[in-house]
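work.pdb follows; it contains PDB, C-alpha atoms, pLDDT in the B column.
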```
ATOM      1  CA  MET A 250    -155.346  39.364 -61.490  1.00 73.00           C
ATOM      2  CA  GLU A 251    -152.481  41.474 -60.165  1.00 93.00           C
ATOM      3  CA  ARG A 252    -151.153  40.720 -56.697  1.00 98.00           C
ATOM      4  CA  ALA A 253    -148.910  42.880 -54.512  1.00 98.00           C
ATOM      5  CA  ALA A 254    -146.244  41.731 -52.068  1.00 98.00           C
ATOM      6  CA  VAL A 255    -145.419  44.698 -49.835  1.00 98.00           C
ATOM      7  CA  PHE A 256    -142.162  44.397 -47.911  1.00 98.00           C
ATOM      8  CA  ASP A 257    -140.779  46.298 -44.981  1.00 98.00           C
ATOM      9  CA  VAL A 258    -136.990  46.574 -45.326  1.00 98.00           C
ATOM     10  CA  ASP A 259    -135.088  47.095 -42.041  1.00 98.00           C
ATOM     11  CA  GLY A 260    -135.091  43.834 -40.085  1.00 98.00           C
ATOM     12  CA  THR A 261    -137.142  42.115 -42.783  1.00 98.00           C
ATOM     13  CA  LEU A 262    -134.845  42.080 -45.817  1.00 98.00           C
ATOM     14  CA  VAL A 263    -131.695  43.690 -44.381  1.00 98.00           C
ATOM     15  CA  ASP A 264    -130.144  42.851 -40.987  1.00 98.00           C
ATOM     16  CA  THR A 265    -130.069  46.392 -39.613  1.00 98.00           C
ATOM     17  CA  ASN A 266    -132.290  46.507 -36.526  1.00 98.00           C
ATOM     18  CA  HIS A 267    -129.479  46.159 -34.033  1.00 97.00           C
ATOM     19  CA  LEU A 268    -127.414  48.764 -35.872  1.00 98.00           C
ATOM     20  CA  HIS A 269    -130.375  51.105 -35.406  1.00 98.00           C
ATOM     21  CA  VAL A 270    -130.566  50.184 -31.722  1.00 98.00           C
ATOM     22  CA  VAL A 271    -126.915  51.027 -31.081  1.00 98.00           C
ATOM     23  CA  THR A 272    -126.891  54.228 -33.128  1.00 98.00           C
ATOM     24  CA  TRP A 273    -130.151  55.522 -31.627  1.00 98.00           C
ATOM     25  CA  TRP A 274    -128.863  54.636 -28.139  1.00 98.00           C
ATOM     26  CA  GLU A 275    -125.679  56.602 -28.820  1.00 98.00           C
ATOM     27  CA  ALA A 276    -127.617  59.567 -30.236  1.00 98.00           C
ATOM     28  CA  PHE A 277    -129.761  59.655 -27.096  1.00 98.00           C
ATOM     29  CA  ARG A 278    -126.688  59.255 -24.856  1.00 98.00           C
ATOM     30  CA  GLN A 279    -124.906  62.157 -26.539  1.00 97.00           C
ATOM     31  CA  ALA A 280    -127.974  64.331 -25.889  1.00 97.00           C
ATOM     32  CA  GLY A 281    -128.054  63.364 -22.200  1.00 96.00           C
ATOM     33  CA  HIS A 282    -130.852  60.792 -22.333  1.00 97.00           C
ATOM     34  CA  ASP A 283    -130.493  57.380 -20.660  1.00 97.00           C
ATOM     35  CA  VAL A 284    -132.686  55.162 -22.847  1.00 98.00           C
ATOM     36  CA  PRO A 285    -132.277  51.380 -22.395  1.00 98.00           C
ATOM     37  CA  MET A 286    -131.346  49.470 -25.517  1.00 98.00           C
ATOM     38  CA  HIS A 287    -134.239  47.043 -25.077  1.00 98.00           C
ATOM     39  CA  ALA A 288    -136.645  49.980 -25.218  1.00 98.00           C
ATOM     40  CA  VAL A 289    -134.970  51.308 -28.361  1.00 98.00           C
ATOM     41  CA  HIS A 290    -135.247  47.863 -29.947  1.00 98.00           C
ATOM     42  CA  ARG A 291    -138.988  47.711 -29.362  1.00 97.00           C
ATOM     43  CA  ALA A 292    -139.371  51.132 -31.023  1.00 98.00           C
ATOM     44  CA  VAL A 293    -137.325  50.347 -34.144  1.00 97.00           C
ATOM     45  CA  GLY A 294    -139.593  50.423 -37.173  1.00 96.00           C
ATOM     46  CA  LEU A 295    -141.174  53.729 -36.257  1.00 95.00           C
ATOM     47  CA  GLY A 296    -140.165  56.820 -38.205  1.00 93.00           C
ATOM     48  CA  SER A 297    -137.587  59.039 -36.495  1.00 94.00           C
ATOM     49  CA  ALA A 298    -140.060  61.584 -35.103  1.00 93.00           C
ATOM     50  CA  ASP A 299    -142.397  58.888 -33.823  1.00 95.00           C
ATOM     51  CA  LEU A 300    -139.539  56.863 -32.337  1.00 97.00           C
ATOM     52  CA  ILE A 301    -138.260  59.869 -30.391  1.00 97.00           C
ATOM     53  CA  ALA A 302    -141.761  60.703 -29.144  1.00 97.00           C
ATOM     54  CA  HIS A 303    -142.387  57.072 -28.202  1.00 97.00           C
ATOM     55  CA  LEU A 304    -139.177  56.825 -26.156  1.00 98.00           C
ATOM     56  CA  LEU A 305    -138.948  60.299 -24.608  1.00 98.00           C
ATOM     57  CA  GLY A 306    -142.636  61.176 -24.276  1.00 96.00           C
ATOM     58  CA  ASP A 307    -144.573  64.378 -24.779  1.00 91.00           C
ATOM     59  CA  GLY A 308    -142.788  66.173 -21.944  1.00 92.00           C
ATOM     60  CA  ARG A 309    -139.437  66.171 -23.748  1.00 95.00           C
ATOM     61  CA  ASP A 310    -137.701  69.230 -25.162  1.00 94.00           C
ATOM     62  CA  LYS A 311    -139.008  68.919 -28.720  1.00 94.00           C
ATOM     63  CA  ASP A 312    -136.391  71.394 -29.918  1.00 94.00           C
ATOM     64  CA  GLN A 313    -133.916  68.508 -29.538  1.00 95.00           C
ATOM     65  CA  ASP A 314    -135.776  66.199 -31.926  1.00 97.00           C
ATOM     66  CA  ALA A 315    -134.081  67.373 -35.109  1.00 96.00           C
ATOM     67  CA  ARG A 316    -130.616  67.123 -33.526  1.00 97.00           C
ATOM     68  CA  LEU A 317    -131.348  63.620 -32.219  1.00 98.00           C
ATOM     69  CA  SER A 318    -132.515  62.497 -35.646  1.00 97.00           C
ATOM     70  CA  ALA A 319    -129.483  64.039 -37.338  1.00 97.00           C
ATOM     71  CA  ALA A 320    -127.126  62.390 -34.842  1.00 98.00           C
ATOM     72  CA  HIS A 321    -128.691  58.993 -35.473  1.00 98.00           C
ATOM     73  CA  LYS A 322    -128.497  59.497 -39.230  1.00 97.00           C
ATOM     74  CA  THR A 323    -124.804  60.385 -39.010  1.00 98.00           C
ATOM     75  CA  LEU A 324    -123.963  57.455 -36.733  1.00 98.00           C
ATOM     76  CA  TYR A 325    -125.952  54.965 -38.807  1.00 98.00           C
ATOM     77  CA  GLY A 326    -124.542  56.338 -42.050  1.00 98.00           C
ATOM     78  CA  GLN A 327    -121.103  54.922 -41.253  1.00 98.00           C
ATOM     79  CA  TYR A 328    -122.515  51.453 -42.039  1.00 98.00           C
ATOM     80  CA  PHE A 329    -124.041  52.257 -45.429  1.00 98.00           C
ATOM     81  CA  ASP A 330    -121.281  50.548 -47.399  1.00 97.00           C
ATOM     82  CA  ARG A 331    -121.647  47.226 -45.552  1.00 97.00           C
ATOM     83  CA  LEU A 332    -125.308  46.696 -44.637  1.00 98.00           C
ATOM     84  CA  PRO A 333    -125.933  42.926 -44.650  1.00 98.00           C
ATOM     85  CA  ALA A 334    -128.917  41.481 -46.480  1.00 98.00           C
ATOM     86  CA  LEU A 335    -130.760  38.758 -44.602  1.00 98.00           C
ATOM     87  CA  PRO A 336    -130.454  35.207 -45.986  1.00 98.00           C
ATOM     88  CA  LYS A 337    -131.978  34.845 -49.479  1.00 98.00           C
ATOM     89  CA  ALA A 338    -133.776  38.211 -49.295  1.00 98.00           C
ATOM     90  CA  GLY A 339    -133.020  38.998 -52.923  1.00 98.00           C
ATOM     91  CA  GLU A 340    -133.895  35.462 -54.031  1.00 98.00           C
ATOM     92  CA  LEU A 341    -137.277  35.724 -52.304  1.00 98.00           C
ATOM     93  CA  LEU A 342    -138.133  38.956 -54.105  1.00 98.00           C
ATOM     94  CA  ARG A 343    -137.063  37.541 -57.470  1.00 98.00           C
ATOM     95  CA  ARG A 344    -139.097  34.372 -56.933  1.00 98.00           C
ATOM     96  CA  LEU A 345    -142.209  36.398 -56.112  1.00 98.00           C
ATOM     97  CA  HIS A 346    -141.622  38.611 -59.146  1.00 98.00           C
ATOM     98  CA  ARG A 347    -141.359  35.523 -61.378  1.00 98.00           C
ATOM     99  CA  ASP A 348    -144.547  34.179 -59.809  1.00 97.00           C
ATOM    100  CA  GLY A 349    -146.424  37.293 -60.889  1.00 97.00           C
ATOM    101  CA  TRP A 350    -146.367  39.354 -57.701  1.00 98.00           C
ATOM    102  CA  THR A 351    -145.814  43.106 -57.886  1.00 98.00           C
ATOM    103  CA  VAL A 352    -143.123  43.710 -55.269  1.00 98.00           C
ATOM    104  CA  VAL A 353    -143.198  47.081 -53.492  1.00 98.00           C
ATOM    105  CA  LEU A 354    -141.086  48.219 -50.550  1.00 97.00           C
ATOM    106  CA  ALA A 355    -142.719  50.194 -47.723  1.00 97.00           C
ATOM    107  CA  THR A 356    -140.090  51.712 -45.468  1.00 94.00           C
ATOM    108  CA  SER A 357    -139.374  54.673 -43.220  1.00 91.00           C
ATOM    109  CA  ALA A 358    -135.974  54.958 -44.908  1.00 92.00           C
ATOM    110  CA  SER A 359    -135.367  57.490 -47.664  1.00 90.00           C
ATOM    111  CA  GLY A 360    -132.564  59.135 -49.634  1.00 92.00           C
ATOM    112  CA  ALA A 361    -129.061  57.740 -49.200  1.00 95.00           C
ATOM    113  CA  GLU A 362    -130.223  55.282 -46.536  1.00 95.00           C
ATOM    114  CA  LEU A 363    -132.815  53.762 -48.847  1.00 95.00           C
ATOM    115  CA  GLY A 364    -130.215  53.553 -51.609  1.00 96.00           C
ATOM    116  CA  ALA A 365    -127.850  51.665 -49.301  1.00 98.00           C
ATOM    117  CA  LEU A 366    -130.603  49.240 -48.307  1.00 98.00           C
ATOM    118  CA  ARG A 367    -131.526  48.544 -51.921  1.00 98.00           C
ATOM    119  CA  ARG A 368    -127.870  47.919 -52.787  1.00 98.00           C
ATOM    120  CA  ALA A 369    -127.696  45.428 -49.927  1.00 98.00           C
ATOM    121  CA  ILE A 370    -130.789  43.549 -51.152  1.00 98.00           C
ATOM    122  CA  ASP A 371    -129.431  43.595 -54.727  1.00 98.00           C
ATOM    123  CA  ALA A 372    -132.774  42.779 -56.348  1.00 98.00           C
ATOM    124  CA  ASP A 373    -133.794  45.981 -58.111  1.00 98.00           C
ATOM    125  CA  ASP A 374    -134.891  43.907 -61.097  1.00 97.00           C
ATOM    126  CA  ALA A 375    -137.670  42.437 -58.939  1.00 98.00           C
ATOM    127  CA  ILE A 376    -138.777  45.633 -57.140  1.00 98.00           C
ATOM    128  CA  THR A 377    -141.493  47.605 -58.914  1.00 98.00           C
ATOM    129  CA  ASP A 378    -141.580  50.631 -56.617  1.00 97.00           C
ATOM    130  CA  THR A 379    -140.890  51.979 -53.131  1.00 96.00           C
ATOM    131  CA  ALA A 380    -143.121  53.837 -50.683  1.00 95.00           C
ATOM    132  CA  SER A 381    -140.652  55.769 -48.525  1.00 87.00           C
ATOM    133  CA  SER A 382    -141.058  58.135 -45.587  1.00 80.00           C
ATOM    134  CA  GLU A 383    -140.873  61.061 -48.007  1.00 83.00           C
ATOM    135  CA  ASP A 384    -144.108  59.924 -49.661  1.00 88.00           C
ATOM    136  CA  VAL A 385    -146.431  59.875 -46.632  1.00 88.00           C
ATOM    137  CA  ARG A 386    -147.498  62.158 -43.804  1.00 89.00           C
ATOM    138  CA  GLU A 387    -147.812  59.411 -41.193  1.00 93.00           C
ATOM    139  CA  GLY A 388    -145.533  56.416 -40.837  1.00 93.00           C
ATOM    140  CA  LYS A 389    -146.270  52.964 -39.432  1.00 95.00           C
ATOM    141  CA  PRO A 390    -148.275  51.931 -37.433  1.00 96.00           C
ATOM    142  CA  ALA A 391    -150.599  54.215 -39.431  1.00 95.00           C
ATOM    143  CA  PRO A 392    -151.838  52.454 -42.577  1.00 96.00           C
ATOM    144  CA  GLU A 393    -150.706  55.217 -44.952  1.00 96.00           C
ATOM    145  CA  PRO A 394    -147.346  53.638 -45.978  1.00 95.00           C
ATOM    146  CA  VAL A 395    -149.089  50.378 -46.888  1.00 97.00           C
ATOM    147  CA  GLU A 396    -151.963  52.161 -48.627  1.00 97.00           C
ATOM    148  CA  HIS A 397    -149.475  54.178 -50.672  1.00 97.00           C
ATOM    149  CA  ALA A 398    -147.621  50.994 -51.611  1.00 97.00           C
ATOM    150  CA  LEU A 399    -150.907  49.530 -52.848  1.00 97.00           C
ATOM    151  CA  GLU A 400    -151.555  52.658 -54.913  1.00 97.00           C
ATOM    152  CA  LEU A 401    -148.128  52.317 -56.501  1.00 97.00           C
ATOM    153  CA  ALA A 402    -148.837  48.672 -57.284  1.00 97.00           C
ATOM    154  CA  GLY A 403    -152.351  49.392 -58.533  1.00 97.00           C
ATOM    155  CA  VAL A 404    -153.683  46.527 -56.421  1.00 97.00           C
ATOM    156  CA  PRO A 405    -156.550  46.445 -53.882  1.00 97.00           C
ATOM    157  CA  ALA A 406    -155.910  45.439 -50.285  1.00 98.00           C
ATOM    158  CA  SER A 407    -157.729  42.163 -50.859  1.00 98.00           C
ATOM    159  CA  ARG A 408    -155.017  41.161 -53.358  1.00 98.00           C
ATOM    160  CA  ALA A 409    -152.008  42.095 -51.207  1.00 98.00           C
ATOM    161  CA  VAL A 410    -149.769  40.642 -48.514  1.00 98.00           C
ATOM    162  CA  LEU A 411    -147.456  42.615 -46.222  1.00 98.00           C
ATOM    163  CA  VAL A 412    -144.227  41.087 -44.903  1.00 98.00           C
ATOM    164  CA  GLY A 413    -142.581  42.761 -41.900  1.00 98.00           C
ATOM    165  CA  ASP A 414    -140.679  42.179 -38.691  1.00 98.00           C
ATOM    166  CA  THR A 415    -142.260  44.570 -36.161  1.00 98.00           C
ATOM    167  CA  VAL A 416    -145.601  45.047 -34.460  1.00 98.00           C
ATOM    168  CA  TRP A 417    -145.737  48.420 -36.243  1.00 98.00           C
ATOM    169  CA  ASP A 418    -145.670  46.616 -39.609  1.00 98.00           C
ATOM    170  CA  MET A 419    -148.425  44.215 -38.572  1.00 98.00           C
ATOM    171  CA  GLN A 420    -150.590  47.012 -37.193  1.00 98.00           C
ATOM    172  CA  ALA A 421    -150.150  49.119 -40.330  1.00 97.00           C
ATOM    173  CA  GLY A 422    -150.978  46.198 -42.590  1.00 98.00           C
ATOM    174  CA  SER A 423    -154.016  45.197 -40.545  1.00 98.00           C
ATOM    175  CA  LYS A 424    -155.374  48.749 -40.624  1.00 98.00           C
ATOM    176  CA  ALA A 425    -154.852  48.833 -44.396  1.00 98.00           C
ATOM    177  CA  GLY A 426    -156.793  45.602 -44.772  1.00 98.00           C
ATOM    178  CA  VAL A 427    -154.014  43.390 -46.156  1.00 98.00           C
ATOM    179  CA  ARG A 428    -152.917  39.944 -45.010  1.00 98.00           C
ATOM    180  CA  CYS A 429    -149.838  40.157 -42.799  1.00 98.00           C
ATOM    181  CA  VAL A 430    -146.818  37.862 -42.594  1.00 99.00           C
ATOM    182  CA  GLY A 431    -144.215  38.285 -39.859  1.00 98.00           C
ATOM    183  CA  VAL A 432    -140.538  37.374 -39.756  1.00 98.00           C
ATOM    184  CA  LEU A 433    -138.527  36.822 -36.576  1.00 98.00           C
ATOM    185  CA  CYS A 434    -135.193  38.111 -37.889  1.00 98.00           C
ATOM    186  CA  GLY A 435    -135.860  41.607 -36.528  1.00 98.00           C
ATOM    187  CA  GLY A 436    -135.853  40.240 -32.986  1.00 98.00           C
ATOM    188  CA  ILE A 437    -139.531  40.652 -32.089  1.00 98.00           C
ATOM    189  CA  PRO A 438    -141.201  37.569 -30.526  1.00 98.00           C
ATOM    190  CA  ARG A 439    -143.660  35.472 -32.514  1.00 98.00           C
ATOM    191  CA  ALA A 440    -146.465  36.046 -29.992  1.00 98.00           C
ATOM    192  CA  ASP A 441    -146.142  39.829 -30.319  1.00 98.00           C
ATOM    193  CA  LEU A 442    -146.294  39.667 -34.120  1.00 98.00           C
ATOM    194  CA  GLU A 443    -149.319  37.369 -34.043  1.00 98.00           C
ATOM    195  CA  GLU A 444    -151.114  39.567 -31.518  1.00 98.00           C
ATOM    196  CA  ALA A 445    -150.481  42.572 -33.776  1.00 98.00           C
ATOM    197  CA  GLY A 446    -152.048  40.834 -36.781  1.00 98.00           C
ATOM    198  CA  ALA A 447    -149.577  38.350 -38.324  1.00 98.00           C
ATOM    199  CA  GLU A 448    -151.401  35.494 -40.054  1.00 98.00           C
ATOM    200  CA  ALA A 449    -148.192  33.484 -40.362  1.00 98.00           C
ATOM    201  CA  VAL A 450    -144.660  33.907 -38.995  1.00 98.00           C
ATOM    202  CA  TYR A 451    -141.345  32.710 -40.467  1.00 98.00           C
ATOM    203  CA  ALA A 452    -137.770  32.810 -39.233  1.00 98.00           C
ATOM    204  CA  ASP A 453    -136.390  34.984 -42.047  1.00 98.00           C
ATOM    205  CA  PRO A 454    -136.614  35.459 -45.833  1.00 98.00           C
ATOM    206  CA  ALA A 455    -134.863  32.125 -46.434  1.00 98.00           C
ATOM    207  CA  ASP A 456    -137.417  30.275 -44.320  1.00 98.00           C
ATOM    208  CA  LEU A 457    -140.297  32.023 -46.085  1.00 98.00           C
ATOM    209  CA  LEU A 458    -138.795  31.182 -49.486  1.00 98.00           C
ATOM    210  CA  GLU A 459    -138.364  27.531 -48.524  1.00 98.00           C
ATOM    211  CA  ARG A 460    -141.969  27.286 -47.347  1.00 98.00           C
ATOM    212  CA  LEU A 461    -143.453  29.672 -49.893  1.00 98.00           C
ATOM    213  CA  ASP A 462    -145.903  27.175 -51.395  1.00 97.00           C
ATOM    214  CA  GLY A 463    -147.742  26.821 -48.079  1.00 98.00           C
ATOM    215  CA  SER A 464    -147.634  30.506 -47.175  1.00 98.00           C
ATOM    216  CA  PRO A 465    -150.052  33.419 -47.745  1.00 98.00           C
ATOM    217  CA  LEU A 466    -147.764  34.260 -50.685  1.00 98.00           C
ATOM    218  CA  ALA A 467    -148.425  30.960 -52.454  1.00 95.00           C
TER     219      ALA A 467
END
```
Output the file's structure in the form of structure tokens.
Amino acid sequence: MERAAVFDVDGTLVDTNHLHVVTWWEAFRQAGHDVPMHAVHRAVGLGSADLIAHLLGDGRDKDQDARLSAAHKTLYGQYFDRLPALPKAGELLRRLHRDGWTVVLATSASGAELGALRRAIDADDAITDTASSEDVREGKPAPEPVEHALELAGVPASRAVLVGDTVWDMQAGSKAGVRCVGVLCGGIPRADLEEAGAEAVYADPADLLERLDGSPLA
């Protein structure tokens, strides 16, 4: 039977979370908002609109949202040519592909940003499809990105595993009914990932690859 391995990208396969923290912090600073970096870090993994709402609240001037998002995109875009893949990210995807898993990415990234992330991973031969922010109405922690990834893979939730680095990933996967695996390389504590639904937690893609035979992806 077909099996699907659904992967988040930022902080899971590519080491970008702290780049997002700094560039979101700067976008907020330029717009006159004093948002602590630790708060930005905890919000990374949400789509742009949800991240802004999460950090600034409902009482904000919502007319600023588009400018904040554009500022972040411009600041983050300066890194597109040198985004660093996490250790053995590409090898992990290729191993799963060889083992018969349908590998699908589920990410809030789209367009040029998604292209830069895929170039960093350098494993297009192992990736069957991508569920991006352009494909869904609600991003994580809503289940829709994971559900869309399963539709692309043609696999039921009972035959799928989600790998991600944030509580938003774990919550989305749990709501979609898939098994969830967390990685610590995005900077979120193990206890938080487990509380949000992670069945198992690994240091990074290299650690998961090394211990694959005893993992939910065995």
Quiz item: Interatomic distance between CA of Leu461 in chain A and CA of Ala358 in chain A?
Solution: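 These two atoms are separated by 26.8 Å.
Residues surrounding range 449-460 of chain A within 7 Å are Leu262, Leu335, Pro336, Lys337, Ala338, Leu341, Val430, Gly431, Val432, Leu433, Cys434, Arg439, Ala447, Asp462, Gly463 and Ser464 of chain A [all atoms listed in the file; sequence separation below 2 positions excluded].
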Quiz item: Looking at only C-alpha atoms, which of A:Leu332, A:Ile370, A:Ile301, A:Ala445 is the one that sits closest to Ala319 in chain A?
Solution: A:Ile301
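CA of Thr272 in chain A is positioned 22.1 Å from CA of Pro438 in chain A.
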Quiz item: Contacts of range 380-383 of chain A at 10 Å or less, counting all atoms listed in the file, minus same-chain residues fewer than 2 places along, as a list in words?
Solution: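 These residues fall inside the cut-off: Val255, Phe256, Asp257, Gly296, Ser297, Val353, Leu354, Ala355, Thr356, Ser357, Ala358, Ser359, Gly360, Leu363, Asp378, Val385, Arg386, Glu387, Gly388, Lys389, Glu393, Pro394, Val395, Glu396, His397, Ala398, Leu399, Glu400 and Leu401 of chain A.
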Practice problem: Give me the residues within 10 Å of Ser423 in chain A as a PyMOL selection string, counting all atoms listed in the file and dropping any in the same chain fewer than 3 places off. | Solution: chain A and resi 390-392+395+406+411+417-420+426-429+445-447
Export of prior selection with C-alpha atoms as an mmCIF file, in the coordinates of the input:
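Written out: again.cif:
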```cif
data_model
loop_
_atom_site.group_PDB
_atom_site.id
_atom_site.type_symbol
_atom_site.label_atom_id
_atom_site.label_comp_id
_atom_site.auth_asym_id
_atom_site.auth_seq_id
_atom_site.Cartn_x
_atom_site.Cartn_y
_atom_site.Cartn_z
ATOM 1 C CA PRO A 390 -148.275 51.931 -37.433
ATOM 2 C CA ALA A 391 -150.599 54.215 -39.431
ATOM 3 C CA PRO A 392 -151.838 52.454 -42.577
ATOM 4 C CA VAL A 395 -149.089 50.378 -46.888
ATOM 5 C CA ALA A 406 -155.910 45.439 -50.285
ATOM 6 C CA LEU A 411 -147.456 42.615 -46.222
ATOM 7 C CA TRP A 417 -145.737 48.420 -36.243
ATOM 8 C CA ASP A 418 -145.670 46.616 -39.609
ATOM 9 C CA MET A 419 -148.425 44.215 -38.572
ATOM 10 C CA GLN A 420 -150.590 47.012 -37.193
ATOM 11 C CA GLY A 426 -156.793 45.602 -44.772
ATOM 12 C CA VAL A 427 -154.014 43.390 -46.156
ATOM 13 C CA ARG A 428 -152.917 39.944 -45.010
ATOM 14 C CA CYS A 429 -149.838 40.157 -42.799
ATOM 15 C CA ALA A 445 -150.481 42.572 -33.776
ATOM 16 C CA GLY A 446 -152.048 40.834 -36.781
ATOM 17 C CA ALA A 447 -149.577 38.350 -38.324
#
```
Practice problem: Work out how far CA of Pro333 in chain A is from CA of Val289 in chain A, in Å to one decimal. | Solution: 20.4 Å
Near-Gln279 in chain A list (10 Å; all atoms listed in the file; drop same-chain fewer than 6 positions) as a PDB file with C-alpha atoms, keeping the file's coordinate frame:
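Below is the file out.pdb, written as the result:
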```pdb
ATOM      1  CA  TRP A 273    -130.151  55.522 -31.627  1.00 98.00           C
ATOM      2  CA  LEU A 317    -131.348  63.620 -32.219  1.00 98.00           C
ATOM      3  CA  ALA A 320    -127.126  62.390 -34.842  1.00 98.00           C
TER       4      ALA A 320
END
```
Exercise. Compare A:Ser407, A:Thr261, A:Gln313, A:Thr323 by their minimum atom-to-atom distance to Glu275 in chain A, counting only C-alpha atoms, and give me the closest one.
Key: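 For Glu275 in chain A, the nearest of the candidates is A:Thr323.
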Quiz prompt | the PyMOL selection byres ((chain A and resi 372-375) around 12) applied to the shown file, residues as JSON, numbers by chain | solution = {"A": [254, 262, 334, 337, 338, 339, 340, 341, 342, 343, 344, 345, 346, 347, 348, 349, 350, 351, 352, 353, 354, 364, 366, 367, 368, 369, 370, 371, 376, 377, 378, 379]}
Enclose range 331-345 of chain A, meaning all of its atoms listed in the file, in a box aligned along x, y and z, pad it by 8 Å on each side, and list the centre and edge lengths in Å to one decimal, as JSON.
```
{"center_x": -131.9, "center_y": 40.8, "center_z": -51.0, "size_x": 36.6, "size_y": 28.9, "size_z": 28.9}
```
Exercise. Go through A:Ala315, A:Ala292, A:Val258, A:Leu466 and flag the residue nearest Asp414 in chain A, using all atoms listed in the file for the distances.
Key: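 Residue with the minimum atom-to-atom distance to Asp414 in chain A: A:Val258.
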Quiz item: What lies within 9 Å of range 282-288 of chain A using only C-alpha atoms, ignoring chain neighbours under 3 positions off, as number ranges by chain?
Solution: A: 270-271, 273-274, 276-279, 291-293, 304-305
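Among the candidate residues A:Val410, A:Ala365, A:Ala425, A:Val404, the one lying nearest to Thr265 in chain A is A:Ala365, with distances computed using only C-alpha atoms.
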Can I get range 288-293 of chain A with all heavy atoms filled in, as a JSON list (two decimals), in the frame of the given file?
```json
[["chain", "number", "residue", "atom", "x", "y", "z"],
["A", 288, "ALA", "N", -135.54, 49.08, -24.87],
["A", 288, "ALA", "CA", -136.65, 49.98, -25.22],
["A", 288, "ALA", "C", -136.48, 50.52, -26.63],
["A", 288, "ALA", "O", -137.46, 50.64, -27.38],
["A", 288, "ALA", "CB", -136.72, 51.13, -24.21],
["A", 289, "VAL", "N", -135.23, 50.84, -26.99],
["A", 289, "VAL", "CA", -134.97, 51.31, -28.36],
["A", 289, "VAL", "C", -135.34, 50.21, -29.36],
["A", 289, "VAL", "O", -135.98, 50.47, -30.38],
["A", 289, "VAL", "CB", -133.50, 51.72, -28.53],
["A", 289, "VAL", "CG1", -133.24, 52.16, -29.97],
["A", 289, "VAL", "CG2", -133.13, 52.84, -27.57],
["A", 290, "HIS", "N", -134.97, 48.98, -29.04],
["A", 290, "HIS", "CA", -135.25, 47.86, -29.95],
["A", 290, "HIS", "C", -136.74, 47.73, -30.22],
["A", 290, "HIS", "O", -137.15, 47.52, -31.36],
["A", 290, "HIS", "CB", -134.71, 46.56, -29.35],
["A", 290, "HIS", "CG", -134.93, 45.36, -30.21],
["A", 290, "HIS", "ND1", -135.21, 44.12, -29.71],
["A", 290, "HIS", "CD2", -134.93, 45.23, -31.57],
["A", 290, "HIS", "CE1", -135.37, 43.26, -30.71],
["A", 290, "HIS", "NE2", -135.20, 43.91, -31.84],
["A", 291, "ARG", "N", -137.55, 47.86, -29.18],
["A", 291, "ARG", "CA", -138.99, 47.71, -29.36],
["A", 291, "ARG", "C", -139.58, 48.85, -30.20],
["A", 291, "ARG", "O", -140.66, 48.70, -30.77],
["A", 291, "ARG", "CB", -139.68, 47.68, -28.00],
["A", 291, "ARG", "CG", -139.21, 46.57, -27.08],
["A", 291, "ARG", "CD", -139.65, 45.21, -27.50],
["A", 291, "ARG", "NE", -141.09, 45.03, -27.44],
["A", 291, "ARG", "CZ", -141.70, 43.84, -27.52],
["A", 291, "ARG", "NH1", -140.98, 42.76, -27.71],
["A", 291, "ARG", "NH2", -143.01, 43.75, -27.45],
["A", 292, "ALA", "N", -138.87, 49.97, -30.26],
["A", 292, "ALA", "CA", -139.37, 51.13, -31.02],
["A", 292, "ALA", "C", -138.87, 51.16, -32.46],
["A", 292, "ALA", "O", -139.40, 51.93, -33.27],
["A", 292, "ALA", "CB", -138.97, 52.43, -30.32],
["A", 293, "VAL", "N", -137.84, 50.37, -32.77],
["A", 293, "VAL", "CA", -137.32, 50.35, -34.14],
["A", 293, "VAL", "C", -138.45, 49.94, -35.10],
["A", 293, "VAL", "O", -139.23, 49.03, -34.82],
["A", 293, "VAL", "CB", -136.13, 49.38, -34.25],
["A", 293, "VAL", "CG1", -135.79, 49.10, -35.71],
["A", 293, "VAL", "CG2", -134.92, 49.94, -33.53]]
```
